[in-house]
>>> print(open('protein_20.cif').read())   # mmCIF, C-alpha atoms and all ligand atoms
data_upload
loop_
_atom_site.label_atom_id
_atom_site.label_comp_id
_atom_site.auth_asym_id
_atom_site.auth_seq_id
_atom_site.Cartn_x
_atom_site.Cartn_y
_atom_site.Cartn_z
CA MET O 1 0.00 0.00 0.00
CA LYS O 2 1.21 3.50 -0.82
CA LYS O 3 2.34 5.36 2.26
CA ILE O 4 -0.43 7.46 3.71
CA VAL O 5 0.14 11.01 4.89
CA TYR O 6 -1.95 10.71 8.03
CA LEU O 7 -3.34 14.01 9.28
CA ASP O 8 -6.35 12.69 11.19
CA HIS O 9 -4.94 12.09 14.67
CA SER O 10 -8.04 13.43 16.41
CA ALA O 11 -10.01 10.56 14.87
CA THR O 12 -7.49 7.97 16.01
CA THR O 13 -3.75 7.39 16.28
CA PRO O 14 -1.44 4.52 15.29
CA VAL O 15 -0.42 2.38 18.27
CA ASN O 16 3.09 3.11 19.51
CA PRO O 17 5.29 -0.03 18.95
CA THR O 18 6.53 0.19 22.56
CA VAL O 19 2.90 -0.05 23.68
CA ILE O 20 2.34 -3.13 21.48
CA LYS O 21 5.44 -4.78 22.95
CA LYS O 22 4.19 -4.15 26.46
CA MET O 23 0.73 -5.54 25.63
CA ASN O 24 1.86 -8.68 23.77
CA PRO O 25 2.52 -11.07 26.70
CA TYR O 26 -0.98 -10.41 28.01
CA PHE O 27 -2.50 -12.02 24.92
CA TYR O 28 -0.68 -15.34 25.01
CA GLU O 29 1.46 -15.73 28.13
CA ILE O 30 -0.28 -14.02 31.01
CA TYR O 31 -3.76 -14.72 29.66
CA GLY O 32 -5.40 -15.74 32.95
CA ASN O 33 -8.71 -14.32 34.06
CA PRO O 34 -7.81 -11.62 36.62
CA SER O 35 -10.55 -13.00 38.88
CA SER O 36 -9.01 -16.49 38.93
CA PRO O 37 -7.11 -17.36 42.10
CA HIS O 38 -4.32 -19.29 40.36
CA GLN O 39 -0.93 -17.96 39.28
CA LEU O 40 -1.93 -16.85 35.79
CA GLY O 41 -4.97 -15.07 37.16
CA ARG O 42 -3.00 -13.40 39.92
CA SER O 43 -0.37 -12.19 37.42
CA ALA O 44 -3.06 -10.65 35.24
CA LYS O 45 -4.66 -9.03 38.28
CA LEU O 46 -1.29 -7.62 39.32
CA ALA O 47 -0.80 -6.12 35.84
CA ILE O 48 -4.18 -4.38 36.11
CA GLU O 49 -3.47 -3.00 39.57
CA ASN O 50 0.00 -1.80 38.55
CA SER O 51 -1.50 -0.07 35.51
CA ARG O 52 -4.18 1.49 37.68
CA SER O 53 -1.70 2.93 40.12
CA HIS O 54 0.63 4.19 37.37
CA PHE O 55 -2.27 5.78 35.58
CA SER O 56 -3.67 7.43 38.71
CA TYR O 57 -0.29 8.99 39.44
CA LEU O 58 -0.27 10.72 36.02
CA ILE O 59 -3.44 12.72 36.77
CA ASN O 60 -2.84 13.10 40.51
CA ALA O 61 -5.68 10.75 41.42
CA LYS O 62 -5.81 7.75 43.76
CA PRO O 63 -5.71 4.25 42.25
CA GLU O 64 -9.24 3.45 43.45
CA GLU O 65 -10.49 6.52 41.55
CA ILE O 66 -9.50 4.98 38.20
CA CYS O 67 -12.20 2.93 36.46
CA PHE O 68 -11.18 1.10 33.28
CA VAL O 69 -13.94 1.09 30.65
CA SER O 70 -14.24 0.29 26.93
CA GLY O 71 -13.35 3.77 25.63
CA GLY O 72 -14.20 7.45 25.66
CA THR O 73 -17.82 6.85 24.71
CA GLU O 74 -18.42 4.53 27.64
CA ALA O 75 -16.54 6.85 30.01
CA ASP O 76 -18.85 9.73 29.01
CA ASN O 77 -21.96 7.55 29.30
CA LEU O 78 -20.96 6.11 32.68
CA ALA O 79 -20.11 9.56 34.03
CA ILE O 80 -23.29 11.31 32.92
CA LYS O 81 -25.96 8.59 33.04
CA GLY O 82 -24.29 6.92 36.00
CA TYR O 83 -24.26 10.11 38.04
CA ALA O 84 -27.68 11.33 36.89
CA PHE O 85 -29.48 8.04 37.61
CA PHE O 86 -27.93 7.53 41.04
CA ASN O 87 -28.52 11.12 42.15
CA ARG O 88 -31.88 11.98 40.60
CA SER O 89 -33.45 12.48 44.03
CA LYS O 90 -31.13 15.51 44.44
CA GLY O 91 -32.32 17.21 41.25
CA ASN O 92 -32.86 16.70 37.54
CA HIS O 93 -30.97 19.55 35.85
CA ILE O 94 -27.76 19.10 33.83
CA ILE O 95 -25.63 21.79 32.19
CA THR O 96 -23.52 21.03 29.11
CA SER O 97 -22.50 22.86 25.92
CA VAL O 98 -23.49 22.78 22.26
CA VAL O 99 -19.98 21.77 21.13
CA GLU O 100 -19.69 18.49 23.05
CA HIS O 101 -18.73 15.21 21.42
CA SER O 102 -21.73 13.11 20.39
CA ALA O 103 -20.98 10.72 23.28
CA VAL O 104 -21.96 13.54 25.65
CA LEU O 105 -24.62 15.26 23.50
CA ASN O 106 -26.58 12.12 22.72
CA THR O 107 -26.32 10.90 26.31
CA CYS O 108 -27.86 14.20 27.42
CA ARG O 109 -30.59 13.94 24.78
CA PHE O 110 -31.39 10.46 26.05
CA LEU O 111 -31.60 11.76 29.62
CA GLU O 112 -34.09 14.42 28.49
CA LYS O 113 -36.39 11.57 27.46
CA GLN O 114 -35.94 10.12 30.95
CA GLY O 115 -37.26 13.26 32.62
CA PHE O 116 -34.04 15.21 33.04
CA GLU O 117 -33.75 18.84 31.99
CA VAL O 118 -30.62 19.80 30.06
CA THR O 119 -29.22 23.28 29.33
CA TYR O 120 -26.95 23.36 26.26
CA LEU O 121 -24.73 26.43 26.68
CA PRO O 122 -23.70 28.35 23.55
CA VAL O 123 -20.05 29.14 22.80
CA ASP O 124 -18.26 32.25 21.53
CA GLN O 125 -16.85 32.64 18.00
CA TYR O 126 -13.80 30.56 19.01
CA GLY O 127 -15.83 27.73 20.50
CA GLN O 128 -15.22 28.57 24.15
CA VAL O 129 -17.74 28.24 26.95
CA ASP O 130 -17.93 31.32 29.18
CA PRO O 131 -17.62 30.31 32.86
CA ASP O 132 -20.01 33.15 33.68
CA SER O 133 -22.73 31.57 31.56
CA VAL O 134 -22.22 28.33 33.52
CA ARG O 135 -22.68 30.25 36.77
CA LYS O 136 -25.80 32.04 35.51
CA ASN O 137 -27.48 28.82 34.41
CA ILE O 138 -27.11 26.97 37.71
CA LYS O 139 -30.43 26.35 39.46
CA PRO O 140 -31.34 24.65 42.74
CA SER O 141 -32.08 21.50 40.72
CA THR O 142 -28.68 21.40 38.95
CA ILE O 143 -26.79 18.21 39.82
CA LEU O 144 -24.19 17.89 37.08
CA ILE O 145 -22.11 20.05 34.73
CA SER O 146 -20.33 18.45 31.75
CA ILE O 147 -18.04 20.59 29.58
CA ILE O 148 -15.50 19.26 27.08
CA HIS O 149 -11.85 20.06 27.90
CA ALA O 150 -10.47 20.44 24.36
CA ASN O 151 -12.76 20.17 21.38
CA ASN O 152 -12.17 17.31 18.95
CA GLU O 153 -13.01 19.32 15.84
CA ILE O 154 -11.51 22.75 16.39
CA GLY O 155 -9.11 22.05 19.27
CA THR O 156 -10.36 24.96 21.39
CA ILE O 157 -9.46 24.54 25.05
CA ASN O 158 -12.11 25.44 27.61
CA PRO O 159 -11.45 27.20 30.94
CA ILE O 160 -12.00 23.98 32.87
CA LYS O 161 -10.33 25.14 36.07
CA GLU O 162 -12.59 28.21 36.30
CA ILE O 163 -15.72 26.18 35.57
CA GLY O 164 -14.55 23.59 38.09
CA THR O 165 -14.18 26.26 40.76
CA ILE O 166 -17.73 27.48 40.12
CA ALA O 167 -19.06 23.92 40.35
CA LYS O 168 -17.13 23.27 43.54
CA ASP O 169 -18.41 26.48 45.18
CA LYS O 170 -21.98 25.46 44.35
CA ASN O 171 -21.44 21.84 45.37
CA ILE O 172 -22.24 20.55 41.90
CA ILE O 173 -20.45 17.60 40.34
CA PHE O 174 -18.33 18.50 37.32
CA HIS O 175 -17.44 16.13 34.46
CA THR O 176 -15.07 16.89 31.62
CA ASP O 177 -14.40 14.91 28.45
CA ALA O 178 -10.59 15.06 28.30
CA VAL O 179 -10.23 12.53 25.47
CA GLN O 180 -8.47 15.03 23.18
CA SER O 181 -6.53 16.99 25.79
CA PHE O 182 -5.13 14.12 27.84
CA GLY O 183 -1.45 13.62 27.04
CA LYS O 184 -1.20 17.00 25.30
CA ILE O 185 -2.01 19.29 28.22
CA PRO O 186 -0.96 18.39 31.78
CA ILE O 187 -4.02 17.17 33.67
CA ASN O 188 -4.19 17.33 37.43
CA VAL O 189 -7.66 16.46 38.71
CA GLU O 190 -7.09 18.40 41.93
CA GLU O 191 -6.07 21.61 40.17
CA LEU O 192 -8.87 21.33 37.62
CA ASN O 193 -11.55 20.80 40.29
CA VAL O 194 -13.16 17.97 38.34
CA SER O 195 -14.95 14.98 39.85
CA LEU O 196 -15.40 12.91 36.70
CA LEU O 197 -13.01 12.86 33.72
CA SER O 198 -13.02 10.77 30.51
CA ILE O 199 -9.97 9.43 28.63
CA SER O 200 -9.64 7.12 25.60
CA GLY O 201 -6.71 4.84 24.66
CA HIS O 202 -6.76 5.18 20.90
CA LYS O 203 -6.36 8.98 20.87
CA ILE O 204 -3.01 8.72 22.69
CA TYR O 205 -1.18 6.12 20.52
CA GLY O 206 -2.72 3.32 22.55
CA PRO O 207 -5.21 0.59 21.59
CA LYS O 208 -8.88 1.00 20.65
CA GLY O 209 -11.58 -0.32 22.95
CA ILE O 210 -10.10 0.87 26.23
CA GLY O 211 -10.67 4.03 28.23
CA VAL O 212 -10.58 5.46 31.70
CA LEU O 213 -13.17 7.23 33.78
CA PHE O 214 -11.77 9.07 36.77
CA ILE O 215 -14.40 8.96 39.53
CA ARG O 216 -13.57 11.08 42.55
CA LYS O 217 -13.68 9.25 45.88
CA GLY O 218 -17.09 9.45 47.50
CA ILE O 219 -19.03 9.93 44.26
CA LYS O 220 -21.76 7.37 43.77
CA ILE O 221 -22.82 6.32 40.30
CA GLU O 222 -25.33 3.85 38.93
CA LYS O 223 -23.86 1.01 36.89
CA LEU O 224 -24.68 0.84 33.18
CA PHE O 225 -24.09 -2.92 33.02
CA HIS O 226 -24.90 -5.54 35.59
CA GLY O 227 -22.70 -8.50 36.35
CA GLY O 228 -19.73 -9.21 38.58
CA PRO O 229 -18.02 -6.90 41.06
CA HIS O 230 -15.18 -5.82 38.73
CA GLU O 231 -13.67 -2.32 38.81
CA ASN O 232 -14.73 -1.58 42.39
CA ASN O 233 -18.23 -2.75 41.57
CA ARG O 234 -18.75 -0.04 38.96
CA ARG O 235 -18.09 -1.79 35.65
CA PRO O 236 -18.64 -5.54 35.42
CA GLY O 237 -17.08 -7.79 32.82
CA THR O 238 -13.77 -9.62 32.53
CA GLU O 239 -11.13 -6.93 32.24
CA ASN O 240 -9.42 -6.09 28.94
CA VAL O 241 -5.99 -6.85 30.40
CA PRO O 242 -3.86 -6.09 27.28
CA GLY O 243 -5.89 -2.92 26.75
CA ILE O 244 -5.42 -1.78 30.33
CA VAL O 245 -1.66 -2.44 30.17
CA GLY O 246 -1.62 -0.65 26.80
CA ILE O 247 -3.47 2.51 27.86
CA ALA O 248 -1.28 2.86 30.96
CA GLU O 249 1.89 2.52 28.88
CA ALA O 250 0.59 4.92 26.21
CA ALA O 251 -0.32 7.46 28.90
CA GLN O 252 3.14 7.14 30.46
CA ILE O 253 4.82 7.76 27.09
CA MET O 254 2.60 10.79 26.43
CA HIS O 255 3.58 12.08 29.86
CA ASN O 256 7.31 11.51 29.33
CA THR O 257 7.36 13.11 25.88
CA MET O 258 4.78 15.86 26.40
CA LYS O 259 7.12 18.83 25.98
CA GLU O 260 9.13 17.53 23.02
CA SER O 261 5.99 16.38 21.16
CA GLU O 262 4.41 19.78 21.64
CA THR O 263 7.50 21.61 20.38
CA LYS O 264 7.81 19.38 17.32
CA ILE O 265 4.15 19.15 16.32
CA LYS O 266 3.33 22.79 17.07
CA SER O 267 6.12 24.06 14.85
CA LEU O 268 4.91 21.83 11.98
CA ARG O 269 1.30 22.91 12.51
CA ASP O 270 2.27 26.59 12.64
CA TYR O 271 4.30 26.23 9.46
CA PHE O 272 1.33 24.52 7.75
CA GLN O 273 -1.04 27.25 8.96
CA ASP O 274 1.25 30.14 7.95
CA GLU O 275 1.79 28.69 4.47
CA LEU O 276 -1.95 28.17 3.95
CA LEU O 277 -2.71 31.74 4.99
CA TYR O 278 0.06 32.98 2.70
CA ARG O 279 -0.90 30.88 -0.34
CA PHE O 280 -4.69 31.00 -0.25
CA LYS O 281 -7.13 33.86 0.06
CA ASN O 282 -10.59 33.49 1.48
CA ILE O 283 -9.74 30.94 4.10
CA ARG O 284 -10.45 31.11 7.75
CA ILE O 285 -8.94 29.27 10.71
CA ASN O 286 -11.60 27.81 13.00
CA GLY O 287 -11.09 27.56 16.73
CA HIS O 288 -9.23 29.72 19.20
CA PRO O 289 -6.14 31.51 17.79
CA THR O 290 -3.99 30.59 20.81
CA ASN O 291 -6.03 28.54 23.27
CA ARG O 292 -6.13 25.58 20.96
CA LEU O 293 -4.57 22.10 20.85
CA TYR O 294 -1.15 22.36 19.22
CA ASN O 295 -1.89 19.66 16.64
CA ASN O 296 -5.19 21.05 15.34
CA LEU O 297 -5.77 22.99 12.13
CA ASN O 298 -9.39 23.38 11.12
CA ILE O 299 -9.95 25.59 8.07
CA SER O 300 -12.97 26.85 6.20
CA PHE O 301 -12.28 27.35 2.50
CA ASN O 302 -14.95 29.83 1.53
CA GLY O 303 -17.29 28.42 -1.14
CA LEU O 304 -15.84 24.92 -1.09
CA ASP O 305 -17.68 21.70 -0.32
CA SER O 306 -15.18 20.01 1.98
CA GLU O 307 -16.20 16.51 0.80
CA ILE O 308 -14.85 17.24 -2.69
CA LEU O 309 -11.47 18.33 -1.32
CA LEU O 310 -11.32 15.37 1.07
CA LEU O 311 -11.91 12.93 -1.81
CA TYR O 312 -9.15 14.61 -3.80
CA LEU O 313 -6.75 14.47 -0.84
CA ASP O 314 -7.64 10.82 -0.24
CA LYS O 315 -6.89 10.03 -3.88
CA HIS O 316 -3.39 11.39 -3.25
CA GLY O 317 -2.97 9.36 -0.05
CA ILE O 318 -3.70 12.19 2.36
CA ALA O 319 -6.00 11.42 5.29
CA ALA O 320 -7.87 14.41 6.73
CA SER O 321 -11.46 14.87 7.79
CA SER O 322 -14.38 17.24 7.89
CA GLY O 323 -14.96 17.71 11.56
CA SER O 324 -15.66 14.64 13.60
CA ALA O 325 -15.00 11.13 12.32
CA CYS O 326 -18.24 10.05 13.90
CA HIS O 327 -20.10 12.23 11.42
CA ALA O 328 -18.03 11.30 8.42
CA SER O 329 -20.91 9.45 6.79
CA ASN O 330 -23.23 12.32 7.50
CA LEU O 331 -23.06 15.12 4.95
CA GLU O 332 -24.61 17.70 7.25
CA PRO O 333 -22.13 20.39 8.34
CA SER O 334 -20.52 20.04 11.73
CA HIS O 335 -22.58 21.12 14.76
CA VAL O 336 -19.38 22.56 16.24
CA ILE O 337 -18.57 24.86 13.30
CA MET O 338 -22.23 25.91 13.12
CA ALA O 339 -22.08 26.78 16.82
CA LEU O 340 -19.31 29.30 16.11
CA GLY O 341 -21.91 31.40 14.29
CA GLN O 342 -20.73 30.52 10.79
CA SER O 343 -23.09 30.15 7.86
CA TYR O 344 -24.22 26.73 6.63
CA GLN O 345 -22.00 27.25 3.56
CA LYS O 346 -18.88 28.05 5.60
CA ALA O 347 -19.54 25.16 7.94
CA LYS O 348 -19.79 22.79 4.97
CA SER O 349 -16.38 23.98 3.80
CA ALA O 350 -14.48 23.09 6.98
CA VAL O 351 -11.58 20.65 6.74
CA ARG O 352 -9.75 19.35 9.79
CA PHE O 353 -6.07 18.44 9.76
CA THR O 354 -4.78 16.97 13.02
CA LEU O 355 -1.06 16.27 13.22
CA GLY O 356 0.82 13.63 15.16
CA VAL O 357 4.30 12.67 16.29
CA GLU O 358 5.16 10.75 13.11
CA ASN O 359 4.42 13.61 10.68
CA THR O 360 7.32 15.31 8.88
CA LYS O 361 7.95 18.62 7.19
CA ASP O 362 8.19 16.80 3.83
CA GLU O 363 4.68 15.49 4.34
CA ILE O 364 3.37 18.99 5.02
CA GLU O 365 5.13 20.29 1.87
CA PHE O 366 3.51 17.47 -0.10
CA VAL O 367 0.05 18.33 1.25
CA LEU O 368 0.57 22.04 0.48
CA ASN O 369 1.48 21.14 -3.11
CA ILE O 370 -1.55 18.91 -3.53
CA LEU O 371 -3.76 21.68 -2.13
CA GLU O 372 -2.29 24.15 -4.65
CA LEU O 373 -2.96 21.68 -7.44
CA PHE O 374 -6.56 21.24 -6.30
CA PHE O 375 -7.27 24.93 -6.05
CA SER O 376 -5.60 25.74 -9.39
CA LYS O 377 -7.85 23.14 -11.06
CA ASN O 378 -10.93 24.36 -9.26
CA LYS O 379 -10.35 28.04 -9.97
CA GLN O 380 -12.70 30.22 -8.02
CA SER O 381 -11.84 32.94 -5.60
CA TRP O 382 -8.94 31.17 -3.92
C1 LIG O 401 -12.90 10.04 20.24
C2 LIG O 401 -13.64 10.82 21.27
C3 LIG O 401 -14.57 10.21 22.12
C4 LIG O 401 -14.93 8.76 21.99
O1 LIG O 401 -13.91 7.90 22.39
P1 LIG O 401 -13.95 6.37 21.90
O2 LIG O 401 -12.83 5.72 22.66
O3 LIG O 401 -13.73 6.40 20.42
O4 LIG O 401 -15.28 5.83 22.28
C5 LIG O 401 -15.18 10.98 23.06
N1 LIG O 401 -14.92 12.29 23.18
C6 LIG O 401 -14.04 12.92 22.39
C7 LIG O 401 -13.76 14.37 22.59
C8 LIG O 401 -13.36 12.22 21.40
O5 LIG O 401 -12.50 12.85 20.60
#
>>> encode(input="protein_20.cif", output="structure tokens")
Amino acid sequence: MKKIVYLDHSATTPVNPTVIKKMNPYFYEIYGNPSSPHQLGRSAKLAIENSRSHFSYLINAKPEEICFVSGGTEADNLAIKGYAFFNRSKGNHIITSVVEHSAVLNTCRFLEKQGFEVTYLPVDQYGQVDPDSVRKNIKPSTILISIIHANNEIGTINPIKEIGTIAKDKNIIFHTDAVQSFGKIPINVEELNVSLLSISGHKIYGPKGIGVLFIRKGIKIEKLFHGGPHENNRRPGTENVPGIVGIAEAAQIMHNTMKESETKIKSLRDYFQDELLYRFKNIRINGHPTNRLYNNLNISFNGLDSEILLLYLDKHGIAASSGSACHASNLEPSHVIMALGQSYQKAKSAVRFTLGVENTKDEIEFVLNILELFFSKNKQSW
């Protein structure tokens, strides 16, 4: 297969070979059921508990506050439905935002059908939630606030610490979806004032099908599944041992290389952005100019239908996306770009490039050349 220039790291990442090496023995050597009392079972159990304590250390949590789940989607569902169902006697109001990932948005929509009331806060032109609007929308019946840390489409980073402080002052539980930010921005659950936080393995060069929900000590949630007493009686089912070992290793590598990855990827992204702004007129960068993930470049090409460009890029071996991968089969414009106040046309023209550690300057040059070719063939106002 021709080598792919992969610029879709917010959709998923390749698994780091070191992570694969670490996972391998847990498929065919230490394959025991962690609940079994024999040697193989005990070894698997030990691997889980070591991973749990390593992982907890990285976000300044306690090991018993780490709940391994099947991914970011389950983490969001368990946080929001789990908290809402267990605590509905305290109130039925939830605050979230219009730019959440579908795992949060659709969970909230489901809860509305179950008798909960949900406020979807708007965002500013950069996609940020104003902490003041969170404060103003709190009512006596508010039990939960869920605001995304860094947006998966435009990379905008929300003022989570400020929102967390407001929630704490009002004694309201605060959840954040940190699937995109984890490993790129230091996360300390104490400093951020969060009680529930979602992480996914495959967005941090780890495996798919594994995630973490941080659940602050003392917080009671309703289970989504019923079965055995696994994961401190919060998530039944035989543990995904290789996945758990893999996500802990991937998280450790992200932690160890955080600074150097940022320096490398940010300089590539900035070069890409500067060249685009220099070479093409009538384009617009979506998301916050500075408070944005260093690997994100989301651009609206005025008058373009992004699907046509994406097909052209794909034909040349370049993988990018229009907004969220989860909506890739849906030709409606992104709900996130629409929320920035852009027209339907502009939203339909948004293309997302998300860079990763393996990208090179040569690859960016190649993409720039292909873009020039595309726009010279499709002469309009560019
Ligand atoms: C990818 C993603 C999810 C879903 O995670 P999965 O592990 O794919 O279920 C949730 N939230 C955000 C912000 C994401 O980018």
>>> residues_near_ligand(input="protein_20.cif", ligand="ligand LIG 401 (chain O)", cutoff="7 Å", atoms="only C-alpha atoms and all ligand atoms", output="list in words")
Ser10, Ala11, Gly71, Gly72, Thr73, Glu74, His101, Ala103, Ile148, Asn151, Asn152, Asp177, Ala178, Val179, Gln180, Ser200, Gly201, His202, Lys203, Lys208, Gly209, Ile210 and Gly211 of chain O
>>> write_last_selection(input="protein_20.cif", atoms="C-alpha atoms", output="tab-separated table (two decimals), keeping the file's coordinate frame")
chain	number	residue	atom	x	y	z
O	10	SER	CA	-8.04	13.43	16.41
O	11	ALA	CA	-10.01	10.56	14.87
O	71	GLY	CA	-13.35	3.77	25.63
O	72	GLY	CA	-14.20	7.45	25.66
O	73	THR	CA	-17.82	6.85	24.71
O	74	GLU	CA	-18.42	4.53	27.64
O	101	HIS	CA	-18.73	15.21	21.42
O	103	ALA	CA	-20.98	10.72	23.28
O	148	ILE	CA	-15.50	19.26	27.08
O	151	ASN	CA	-12.76	20.17	21.38
O	152	ASN	CA	-12.17	17.31	18.95
O	177	ASP	CA	-14.40	14.91	28.45
O	178	ALA	CA	-10.59	15.06	28.30
O	179	VAL	CA	-10.23	12.53	25.47
O	180	GLN	CA	-8.47	15.03	23.18
O	200	SER	CA	-9.64	7.12	25.60
O	201	GLY	CA	-6.71	4.84	24.66
O	202	HIS	CA	-6.76	5.18	20.90
O	203	LYS	CA	-6.36	8.98	20.87
O	208	LYS	CA	-8.88	1.00	20.65
O	209	GLY	CA	-11.58	-0.32	22.95
O	210	ILE	CA	-10.10	0.87	26.23
O	211	GLY	CA	-10.67	4.03	28.23
>>> atom_distance(input="protein_20.cif", atom1="atom CA of O:Thr107", atom2="atom CA of O:Asn77")
6.3 Å
>>> closest_residue(input="protein_20.cif", among="O:Leu276, O:Leu105, O:Leu310, O:Val123", to="O:Gly341", atoms="only C-alpha atoms")
O:Val123
>>> closest_residue(input="protein_20.cif", among="O:Gly206, O:Pro122, O:Gly218, O:Pro131", to="O:Ile244", atoms="all atoms listed in the file")
O:Gly206
>>> atom_distance(input="protein_20.cif", atom1="atom CA of O:Asn295", atom2="atom CA of O:Ile247")
20.6 Å
>>> residues_around(input="protein_20.cif", residues="stretch 351-362 of chain O", least_positions_apart="6", cutoff="8 Å", atoms="all atoms listed in the file", output="JSON, numbers by chain")
{"O": [5, 6, 7, 8, 9, 10, 13, 153, 154, 261, 264, 265, 268, 269, 295, 296, 297, 298, 299, 300, 301, 306, 310, 320, 321, 322, 323]}
>>> atom_distance(input="protein_20.cif", atom1="atom CA of O:Thr176", atom2="atom CA of O:Pro236")
23.0 Å
>>> closest_residue(input="protein_20.cif", among="O:Asn233, O:Ser376, O:Thr119, O:Gln345", to="O:Lys136", atoms="all atoms listed in the file")
O:Thr119
>>> residues_around(input="protein_20.cif", residues="O:Asn92", least_positions_apart="4", cutoff="12 Å", atoms="all atoms listed in the file", output="list in words")
Ile80, Lys81, Tyr83, Ala84, Phe85, Phe86, Asn87, Arg88, Cys108, Leu111, Glu112, Lys113, Gln114, Gly115, Phe116, Glu117, Val118, Thr119, Ile138, Lys139, Pro140, Ser141, Thr142, Ile143, Leu144 and Ile145 of chain O
>>> residues_around(input="protein_20.cif", residues="stretch 156-168 of chain O", least_positions_apart="4", cutoff="6 Å", atoms="all atoms listed in the file", output="ChimeraX atom specification")
/O:128,131,149-151,172,192-194,287-288,291-292
>>> closest_residue(input="protein_20.cif", among="O:Ile215, O:Met258, O:Leu373, O:Ile199", to="O:Phe174", atoms="only C-alpha atoms")
O:Ile215
>>> residues_around(input="protein_20.cif", residues="O:Arg42", least_positions_apart="4", cutoff="12 Å", atoms="only C-alpha atoms", output="JSON, numbers by chain")
{"O": [30, 31, 32, 33, 34, 35, 36, 37, 38, 46, 47, 48, 49, 241]}
>>> residues_around(input="protein_20.cif", residues="O:Leu224", least_positions_apart="4", cutoff="8 Å", atoms="only C-alpha atoms", output="PyMOL selection string")
chain O and resi 78+81-82+235
>>> write_last_selection(input="protein_20.cif", atoms="C-alpha atoms", output="mmCIF file, in the coordinates of the input")
data_model
loop_
_atom_site.group_PDB
_atom_site.id
_atom_site.type_symbol
_atom_site.label_atom_id
_atom_site.label_comp_id
_atom_site.auth_asym_id
_atom_site.auth_seq_id
_atom_site.Cartn_x
_atom_site.Cartn_y
_atom_site.Cartn_z
ATOM 1 C CA LEU O 78 -20.960 6.110 32.680
ATOM 2 C CA LYS O 81 -25.960 8.590 33.040
ATOM 3 C CA GLY O 82 -24.290 6.920 36.000
ATOM 4 C CA ARG O 235 -18.090 -1.790 35.650
#
>>> closest_residue(input="protein_20.cif", among="O:Glu239, O:Asp314, O:Glu191, O:Asp76", to="O:Ile370", atoms="only C-alpha atoms")
O:Asp314
